[in-house]
Amino acid sequence: MHGQVLRSFPIVTLLSALPAPSRRDMIPPVKRPDGPEGQPTELKSYDEVYAELPLLHPTPRSWAELAASRLPEFLADHAVCEQQVAMYGLSLAGYYPDDAELVERAAALAAEEVQHFRRVVAILTKRGWPLGGRRKNVWAQSLRARIVLGREPMTKVDRLLFGALVEARSCERFTRLLEEIDDPEVVHLLADLGPAERRHWEMFYRLAGRNTDEQVLAARFQGWREFEADLARGLGTSPAVHG
């Protein structure tokens, strides 16, 4: 009921009431050298980042080449993804209003994702590139369909594990794309957002494990990881973030 009520309000109205993320919820900025381009430095390699993620199937480099060649489409889809994750964070707060820690973390996540959304929209607008509208994300829809509903507390665990994999895959995709692009502004954006997505997947997983046996959680997450890997093997044919 709470989730239904929450989702009935316009996203802008809901987000306007949220506080900005606190300093402890934000990632430190990527170090950059002095200079007009502001090119990020000290970035981890793709292999280093991938090794720290819970993913079982790497994105092929061919996807990054495709996304780099169709950057307006990638960024438009990226903006939609940021908006949808913000909405998902708010829906979690609506589903579990009595879980104070989850509500606080979900609200901070939503506020931060809106800031990411605004950054992407600013780039698109400045360049005269079209914004993306709502579109079908087969990967996300298929992954979300795996959530077992009506069986709390495991439904909550599933919702959090779903969020963890969405953020982990986004982190991996941003890092893969960084190998192929030389657009300083977009490099700057992805270098900032990739570590944020990593922090988010870790947050989701930690929240899922608060009241769940460690071995039970690991086994359940393994099932999610394998399912996501099967879905990911069919990706790589469009420049979308999860395409």
# chains A, B, ... in the order shown; residues from 1 in each chain; ligands from 1
call {"tool": "closest_atom_pairs", "arguments": {"of": "stretch 90-118 of chain A", "to": "stretch 173-194 of chain A", "cutoff": "12 Å", "atoms": "only C-alpha atoms", "output": "Markdown table"}}
result
| residue | atom | partner | partner_atom | distance |
| --- | --- | --- | --- | --- |
| A:Glu112 | CA | A:Leu193 | CA | 10.3 |
| A:Glu113 | CA | A:Leu193 | CA | 9.6 |
| A:Gln115 | CA | A:Leu193 | CA | 10.6 |
| A:His116 | CA | A:Leu193 | CA | 7.6 |
| A:Phe117 | CA | A:Leu193 | CA | 10.7 |
| A:Arg118 | CA | A:Leu189 | CA | 11.4 |
call {"tool": "select_by_dssp", "arguments": {"residues": "stretch 53-149 of chain A", "states": "alpha helix (DSSP H)", "output": "count of residues only"}}
result
69
call {"tool": "closest_atom_pairs", "arguments": {"of": "stretch 90-180 of chain A", "to": "stretch 222-226 of chain A", "cutoff": "9 Å", "atoms": "only C-alpha atoms", "output": "Markdown table"}}
result
| residue | atom | partner | partner_atom | distance |
| --- | --- | --- | --- | --- |
| A:Leu143 | CA | A:Trp224 | CA | 8.3 |
| A:Arg146 | CA | A:Trp224 | CA | 8.1 |
| A:Asp158 | CA | A:Trp224 | CA | 8.7 |
| A:Leu161 | CA | A:Trp224 | CA | 7.5 |
| A:Phe162 | CA | A:Trp224 | CA | 7.8 |
| A:Leu165 | CA | A:Arg225 | CA | 7.6 |
call {"tool": "closest_residue", "arguments": {"among": "A:Val120, A:Val157, A:Ala86, A:Leu43", "to": "A:Pro195", "atoms": "only C-alpha atoms"}}
result
A:Leu43
call {"tool": "atom_distance", "arguments": {"atom1": "atom CA of A:Leu66", "atom2": "atom CA of A:Val121"}}
result
20.9 Å
call {"tool": "atom_distance", "arguments": {"atom1": "atom CA of A:Ala164", "atom2": "atom CA of A:Thr237"}}
result
23.4 Å
call {"tool": "residues_around", "arguments": {"residues": "stretch 50-56 of chain A", "least_positions_apart": "2", "cutoff": "8 Å", "atoms": "only C-alpha atoms", "output": "list of chain:residue names"}}
result
A:Tyr46, A:Asp47, A:Glu48, A:Pro58, A:Leu165, A:Ala168, A:Arg169, A:Glu172, A:Arg198, A:Arg225, A:Glu226, A:Glu228, A:Ala229
call {"tool": "write_last_selection", "arguments": {"atoms": "N, CA, C and O atoms", "output": "PDB file, in the first residue's frame"}}
result
ATOM      1  N   TYR A  46      39.713  -1.553 -16.257  1.00  0.00           N
ATOM      2  CA  TYR A  46      38.488  -2.356 -16.323  1.00  0.00           C
ATOM      3  C   TYR A  46      38.655  -3.662 -15.559  1.00  0.00           C
ATOM      4  O   TYR A  46      37.767  -4.066 -14.797  1.00  0.00           O
ATOM      5  N   ASP A  47      39.775  -4.338 -15.752  1.00  0.00           N
ATOM      6  CA  ASP A  47      39.984  -5.625 -15.089  1.00  0.00           C
ATOM      7  C   ASP A  47      39.975  -5.478 -13.571  1.00  0.00           C
ATOM      8  O   ASP A  47      39.440  -6.343 -12.855  1.00  0.00           O
ATOM      9  N   GLU A  48      40.561  -4.400 -13.067  1.00  0.00           N
ATOM     10  CA  GLU A  48      40.572  -4.171 -11.620  1.00  0.00           C
ATOM     11  C   GLU A  48      39.156  -3.959 -11.094  1.00  0.00           C
ATOM     12  O   GLU A  48      38.776  -4.502 -10.050  1.00  0.00           O
ATOM     13  N   PRO A  58      31.466 -10.690 -18.295  1.00  0.00           N
ATOM     14  CA  PRO A  58      31.942  -9.352 -18.653  1.00  0.00           C
ATOM     15  C   PRO A  58      31.282  -8.833 -19.925  1.00  0.00           C
ATOM     16  O   PRO A  58      30.938  -9.599 -20.825  1.00  0.00           O
ATOM     17  N   LEU A 165      22.559  -5.705  -8.210  1.00  0.00           N
ATOM     18  CA  LEU A 165      23.036  -6.110  -9.529  1.00  0.00           C
ATOM     19  C   LEU A 165      22.840  -5.023 -10.579  1.00  0.00           C
ATOM     20  O   LEU A 165      23.663  -4.874 -11.489  1.00  0.00           O
ATOM     21  N   ALA A 168      25.759  -2.736  -9.913  1.00  0.00           N
ATOM     22  CA  ALA A 168      27.027  -3.370 -10.275  1.00  0.00           C
ATOM     23  C   ALA A 168      27.209  -3.401 -11.787  1.00  0.00           C
ATOM     24  O   ALA A 168      28.296  -3.106 -12.304  1.00  0.00           O
ATOM     25  N   ARG A 169      26.160  -3.757 -12.521  1.00  0.00           N
ATOM     26  CA  ARG A 169      26.269  -3.806 -13.982  1.00  0.00           C
ATOM     27  C   ARG A 169      26.485  -2.407 -14.555  1.00  0.00           C
ATOM     28  O   ARG A 169      27.261  -2.233 -15.513  1.00  0.00           O
ATOM     29  N   GLU A 172      30.093  -1.519 -14.103  1.00  0.00           N
ATOM     30  CA  GLU A 172      30.918  -2.256 -15.060  1.00  0.00           C
ATOM     31  C   GLU A 172      30.818  -1.660 -16.460  1.00  0.00           C
ATOM     32  O   GLU A 172      31.827  -1.501 -17.167  1.00  0.00           O
ATOM     33  N   ARG A 198      29.381   1.525  -7.824  1.00  0.00           N
ATOM     34  CA  ARG A 198      29.996   0.466  -7.020  1.00  0.00           C
ATOM     35  C   ARG A 198      29.580   0.605  -5.556  1.00  0.00           C
ATOM     36  O   ARG A 198      29.236  -0.384  -4.899  1.00  0.00           O
ATOM     37  N   ARG A 225      23.098 -13.883  -9.338  1.00  0.00           N
ATOM     38  CA  ARG A 225      24.270 -13.612 -10.178  1.00  0.00           C
ATOM     39  C   ARG A 225      24.258 -14.475 -11.433  1.00  0.00           C
ATOM     40  O   ARG A 225      24.551 -13.995 -12.537  1.00  0.00           O
ATOM     41  N   GLU A 226      23.935 -15.741 -11.266  1.00  0.00           N
ATOM     42  CA  GLU A 226      23.911 -16.645 -12.416  1.00  0.00           C
ATOM     43  C   GLU A 226      22.795 -16.272 -13.385  1.00  0.00           C
ATOM     44  O   GLU A 226      22.980 -16.318 -14.611  1.00  0.00           O
ATOM     45  N   GLU A 228      21.527 -13.248 -13.791  1.00  0.00           N
ATOM     46  CA  GLU A 228      21.933 -12.007 -14.463  1.00  0.00           C
ATOM     47  C   GLU A 228      22.969 -12.285 -15.542  1.00  0.00           C
ATOM     48  O   GLU A 228      22.931 -11.673 -16.626  1.00  0.00           O
ATOM     49  N   ALA A 229      23.889 -13.195 -15.274  1.00  0.00           N
ATOM     50  CA  ALA A 229      24.913 -13.532 -16.266  1.00  0.00           C
ATOM     51  C   ALA A 229      24.286 -14.108 -17.528  1.00  0.00           C
ATOM     52  O   ALA A 229      24.707 -13.794 -18.651  1.00  0.00           O
TER      53      ALA A 229
END
call {"tool": "residues_around", "arguments": {"residues": "stretch 210-213 of chain A", "least_positions_apart": "2", "cutoff": "12 Å", "atoms": "only C-alpha atoms", "output": "PyMOL selection string"}}
result
chain A and resi 99+101-102+152-158+160+203-208+215-221
call {"tool": "residues_around", "arguments": {"residues": "A:Val241", "least_positions_apart": "6", "cutoff": "9 Å", "atoms": "only C-alpha atoms", "output": "PyMOL selection string"}}
result
chain A and resi 67+74-75+77-78+81+169-170+173-174
call {"tool": "closest_residue", "arguments": {"among": "A:Ile123, A:Gly89, A:Ser142, A:Gly94", "to": "A:Ala107", "atoms": "only C-alpha atoms"}}
result
A:Gly89
call {"tool": "atom_distance", "arguments": {"atom1": "atom CA of A:Ala232", "atom2": "atom CA of A:Gln83"}}
result
21.8 Å
call {"tool": "decode", "arguments": {"residues": "stretch 106-121 of chain A", "atoms": "all heavy atoms", "output": "PDB file, in the first residue's frame"}}
result
ATOM      1  N   ALA A 106      17.782   4.760   1.184  1.00  0.00           N
ATOM      2  CA  ALA A 106      17.063   4.836  -0.088  1.00  0.00           C
ATOM      3  C   ALA A 106      16.798   6.284  -0.480  1.00  0.00           C
ATOM      4  O   ALA A 106      16.885   6.649  -1.660  1.00  0.00           O
ATOM      5  CB  ALA A 106      15.750   4.065   0.008  1.00  0.00           C
ATOM      6  N   ALA A 107      16.482   7.133   0.505  1.00  0.00           N
ATOM      7  CA  ALA A 107      16.255   8.549   0.220  1.00  0.00           C
ATOM      8  C   ALA A 107      17.541   9.219  -0.254  1.00  0.00           C
ATOM      9  O   ALA A 107      17.536  10.018  -1.195  1.00  0.00           O
ATOM     10  CB  ALA A 107      15.714   9.255   1.460  1.00  0.00           C
ATOM     11  N   ALA A 108      18.660   8.891   0.400  1.00  0.00           N
ATOM     12  CA  ALA A 108      19.949   9.452  -0.017  1.00  0.00           C
ATOM     13  C   ALA A 108      20.311   8.983  -1.422  1.00  0.00           C
ATOM     14  O   ALA A 108      20.817   9.760  -2.242  1.00  0.00           O
ATOM     15  CB  ALA A 108      21.037   9.056   0.980  1.00  0.00           C
ATOM     16  N   LEU A 109      20.044   7.711  -1.702  1.00  0.00           N
ATOM     17  CA  LEU A 109      20.295   7.177  -3.041  1.00  0.00           C
ATOM     18  C   LEU A 109      19.475   7.929  -4.084  1.00  0.00           C
ATOM     19  O   LEU A 109      20.000   8.348  -5.128  1.00  0.00           O
ATOM     20  CB  LEU A 109      19.939   5.690  -3.079  1.00  0.00           C
ATOM     21  CG  LEU A 109      19.911   5.038  -4.468  1.00  0.00           C
ATOM     22  CD1 LEU A 109      21.325   4.798  -4.969  1.00  0.00           C
ATOM     23  CD2 LEU A 109      19.128   3.728  -4.441  1.00  0.00           C
ATOM     24  N   ALA A 110      18.183   8.113  -3.809  1.00  0.00           N
ATOM     25  CA  ALA A 110      17.314   8.797  -4.761  1.00  0.00           C
ATOM     26  C   ALA A 110      17.795  10.219  -5.027  1.00  0.00           C
ATOM     27  O   ALA A 110      17.850  10.667  -6.179  1.00  0.00           O
ATOM     28  CB  ALA A 110      15.876   8.810  -4.237  1.00  0.00           C
ATOM     29  N   ALA A 111      18.161  10.928  -3.962  1.00  0.00           N
ATOM     30  CA  ALA A 111      18.630  12.303  -4.136  1.00  0.00           C
ATOM     31  C   ALA A 111      19.917  12.350  -4.952  1.00  0.00           C
ATOM     32  O   ALA A 111      20.100  13.221  -5.811  1.00  0.00           O
ATOM     33  CB  ALA A 111      18.843  12.951  -2.764  1.00  0.00           C
ATOM     34  N   GLU A 112      20.814  11.405  -4.701  1.00  0.00           N
ATOM     35  CA  GLU A 112      22.072  11.374  -5.444  1.00  0.00           C
ATOM     36  C   GLU A 112      21.844  11.027  -6.912  1.00  0.00           C
ATOM     37  O   GLU A 112      22.452  11.624  -7.813  1.00  0.00           O
ATOM     38  CB  GLU A 112      23.027  10.365  -4.812  1.00  0.00           C
ATOM     39  CG  GLU A 112      24.403  10.358  -5.452  1.00  0.00           C
ATOM     40  CD  GLU A 112      25.359   9.384  -4.792  1.00  0.00           C
ATOM     41  OE1 GLU A 112      24.996   8.774  -3.764  1.00  0.00           O
ATOM     42  OE2 GLU A 112      26.478   9.219  -5.319  1.00  0.00           O
ATOM     43  N   GLU A 113      20.949  10.069  -7.171  1.00  0.00           N
ATOM     44  CA  GLU A 113      20.681   9.686  -8.555  1.00  0.00           C
ATOM     45  C   GLU A 113      20.043  10.831  -9.337  1.00  0.00           C
ATOM     46  O   GLU A 113      20.265  10.971 -10.543  1.00  0.00           O
ATOM     47  CB  GLU A 113      19.785   8.446  -8.602  1.00  0.00           C
ATOM     48  CG  GLU A 113      20.407   7.189  -8.002  1.00  0.00           C
ATOM     49  CD  GLU A 113      21.550   6.627  -8.831  1.00  0.00           C
ATOM     50  OE1 GLU A 113      21.936   7.230  -9.851  1.00  0.00           O
ATOM     51  OE2 GLU A 113      22.071   5.564  -8.460  1.00  0.00           O
ATOM     52  N   VAL A 114      19.250  11.645  -8.669  1.00  0.00           N
ATOM     53  CA  VAL A 114      18.680  12.813  -9.348  1.00  0.00           C
ATOM     54  C   VAL A 114      19.784  13.793  -9.736  1.00  0.00           C
ATOM     55  O   VAL A 114      19.740  14.408 -10.809  1.00  0.00           O
ATOM     56  CB  VAL A 114      17.612  13.494  -8.470  1.00  0.00           C
ATOM     57  CG1 VAL A 114      17.228  14.851  -9.040  1.00  0.00           C
ATOM     58  CG2 VAL A 114      16.376  12.614  -8.389  1.00  0.00           C
ATOM     59  N   GLN A 115      20.783  13.942  -8.880  1.00  0.00           N
ATOM     60  CA  GLN A 115      21.915  14.793  -9.244  1.00  0.00           C
ATOM     61  C   GLN A 115      22.646  14.226 -10.463  1.00  0.00           C
ATOM     62  O   GLN A 115      23.062  14.972 -11.360  1.00  0.00           O
ATOM     63  CB  GLN A 115      22.870  14.930  -8.055  1.00  0.00           C
ATOM     64  CG  GLN A 115      22.287  15.688  -6.873  1.00  0.00           C
ATOM     65  CD  GLN A 115      21.798  17.071  -7.263  1.00  0.00           C
ATOM     66  OE1 GLN A 115      22.503  17.832  -7.935  1.00  0.00           O
ATOM     67  NE2 GLN A 115      20.586  17.407  -6.853  1.00  0.00           N
ATOM     68  N   HIS A 116      22.792  12.917 -10.515  1.00  0.00           N
ATOM     69  CA  HIS A 116      23.404  12.292 -11.692  1.00  0.00           C
ATOM     70  C   HIS A 116      22.547  12.547 -12.937  1.00  0.00           C
ATOM     71  O   HIS A 116      23.070  12.864 -14.015  1.00  0.00           O
ATOM     72  CB  HIS A 116      23.545  10.784 -11.479  1.00  0.00           C
ATOM     73  CG  HIS A 116      24.455  10.409 -10.352  1.00  0.00           C
ATOM     74  ND1 HIS A 116      24.571   9.112  -9.897  1.00  0.00           N
ATOM     75  CD2 HIS A 116      25.292  11.154  -9.592  1.00  0.00           C
ATOM     76  CE1 HIS A 116      25.443   9.084  -8.899  1.00  0.00           C
ATOM     77  NE2 HIS A 116      25.890  10.304  -8.698  1.00  0.00           N
ATOM     78  N   PHE A 117      21.242  12.384 -12.777  1.00  0.00           N
ATOM     79  CA  PHE A 117      20.308  12.643 -13.876  1.00  0.00           C
ATOM     80  C   PHE A 117      20.478  14.064 -14.405  1.00  0.00           C
ATOM     81  O   PHE A 117      20.555  14.293 -15.618  1.00  0.00           O
ATOM     82  CB  PHE A 117      18.885  12.413 -13.371  1.00  0.00           C
ATOM     83  CG  PHE A 117      17.791  12.862 -14.309  1.00  0.00           C
ATOM     84  CD1 PHE A 117      17.518  12.164 -15.469  1.00  0.00           C
ATOM     85  CD2 PHE A 117      17.029  13.981 -14.012  1.00  0.00           C
ATOM     86  CE1 PHE A 117      16.503  12.572 -16.332  1.00  0.00           C
ATOM     87  CE2 PHE A 117      16.016  14.398 -14.861  1.00  0.00           C
ATOM     88  CZ  PHE A 117      15.752  13.692 -16.025  1.00  0.00           C
ATOM     89  N   ARG A 118      20.578  15.021 -13.504  1.00  0.00           N
ATOM     90  CA  ARG A 118      20.717  16.420 -13.911  1.00  0.00           C
ATOM     91  C   ARG A 118      22.034  16.656 -14.647  1.00  0.00           C
ATOM     92  O   ARG A 118      22.087  17.441 -15.599  1.00  0.00           O
ATOM     93  CB  ARG A 118      20.616  17.330 -12.686  1.00  0.00           C
ATOM     94  CG  ARG A 118      19.241  17.329 -12.035  1.00  0.00           C
ATOM     95  CD  ARG A 118      19.203  18.205 -10.806  1.00  0.00           C
ATOM     96  NE  ARG A 118      19.392  19.605 -11.149  1.00  0.00           N
ATOM     97  CZ  ARG A 118      19.548  20.576 -10.237  1.00  0.00           C
ATOM     98  NH1 ARG A 118      19.546  20.279  -8.949  1.00  0.00           N
ATOM     99  NH2 ARG A 118      19.707  21.822 -10.629  1.00  0.00           N
ATOM    100  N   ARG A 119      23.085  15.979 -14.227  1.00  0.00           N
ATOM    101  CA  ARG A 119      24.374  16.133 -14.907  1.00  0.00           C
ATOM    102  C   ARG A 119      24.302  15.618 -16.340  1.00  0.00           C
ATOM    103  O   ARG A 119      24.814  16.250 -17.270  1.00  0.00           O
ATOM    104  CB  ARG A 119      25.473  15.393 -14.139  1.00  0.00           C
ATOM    105  CG  ARG A 119      25.906  16.066 -12.855  1.00  0.00           C
ATOM    106  CD  ARG A 119      27.039  15.314 -12.182  1.00  0.00           C
ATOM    107  NE  ARG A 119      28.264  15.314 -12.984  1.00  0.00           N
ATOM    108  CZ  ARG A 119      29.392  14.712 -12.606  1.00  0.00           C
ATOM    109  NH1 ARG A 119      29.431  14.048 -11.457  1.00  0.00           N
ATOM    110  NH2 ARG A 119      30.464  14.768 -13.378  1.00  0.00           N
ATOM    111  N   VAL A 120      23.668  14.463 -16.512  1.00  0.00           N
ATOM    112  CA  VAL A 120      23.556  13.903 -17.860  1.00  0.00           C
ATOM    113  C   VAL A 120      22.669  14.791 -18.729  1.00  0.00           C
ATOM    114  O   VAL A 120      22.999  15.082 -19.888  1.00  0.00           O
ATOM    115  CB  VAL A 120      23.001  12.465 -17.811  1.00  0.00           C
ATOM    116  CG1 VAL A 120      22.882  11.898 -19.225  1.00  0.00           C
ATOM    117  CG2 VAL A 120      23.897  11.569 -16.962  1.00  0.00           C
ATOM    118  N   VAL A 121      21.549  15.241 -18.181  1.00  0.00           N
ATOM    119  CA  VAL A 121      20.644  16.109 -18.936  1.00  0.00           C
ATOM    120  C   VAL A 121      21.348  17.406 -19.332  1.00  0.00           C
ATOM    121  O   VAL A 121      21.154  17.919 -20.445  1.00  0.00           O
ATOM    122  CB  VAL A 121      19.373  16.405 -18.112  1.00  0.00           C
ATOM    123  CG1 VAL A 121      18.558  17.526 -18.748  1.00  0.00           C
ATOM    124  CG2 VAL A 121      18.518  15.148 -17.995  1.00  0.00           C
TER     125      VAL A 121
END
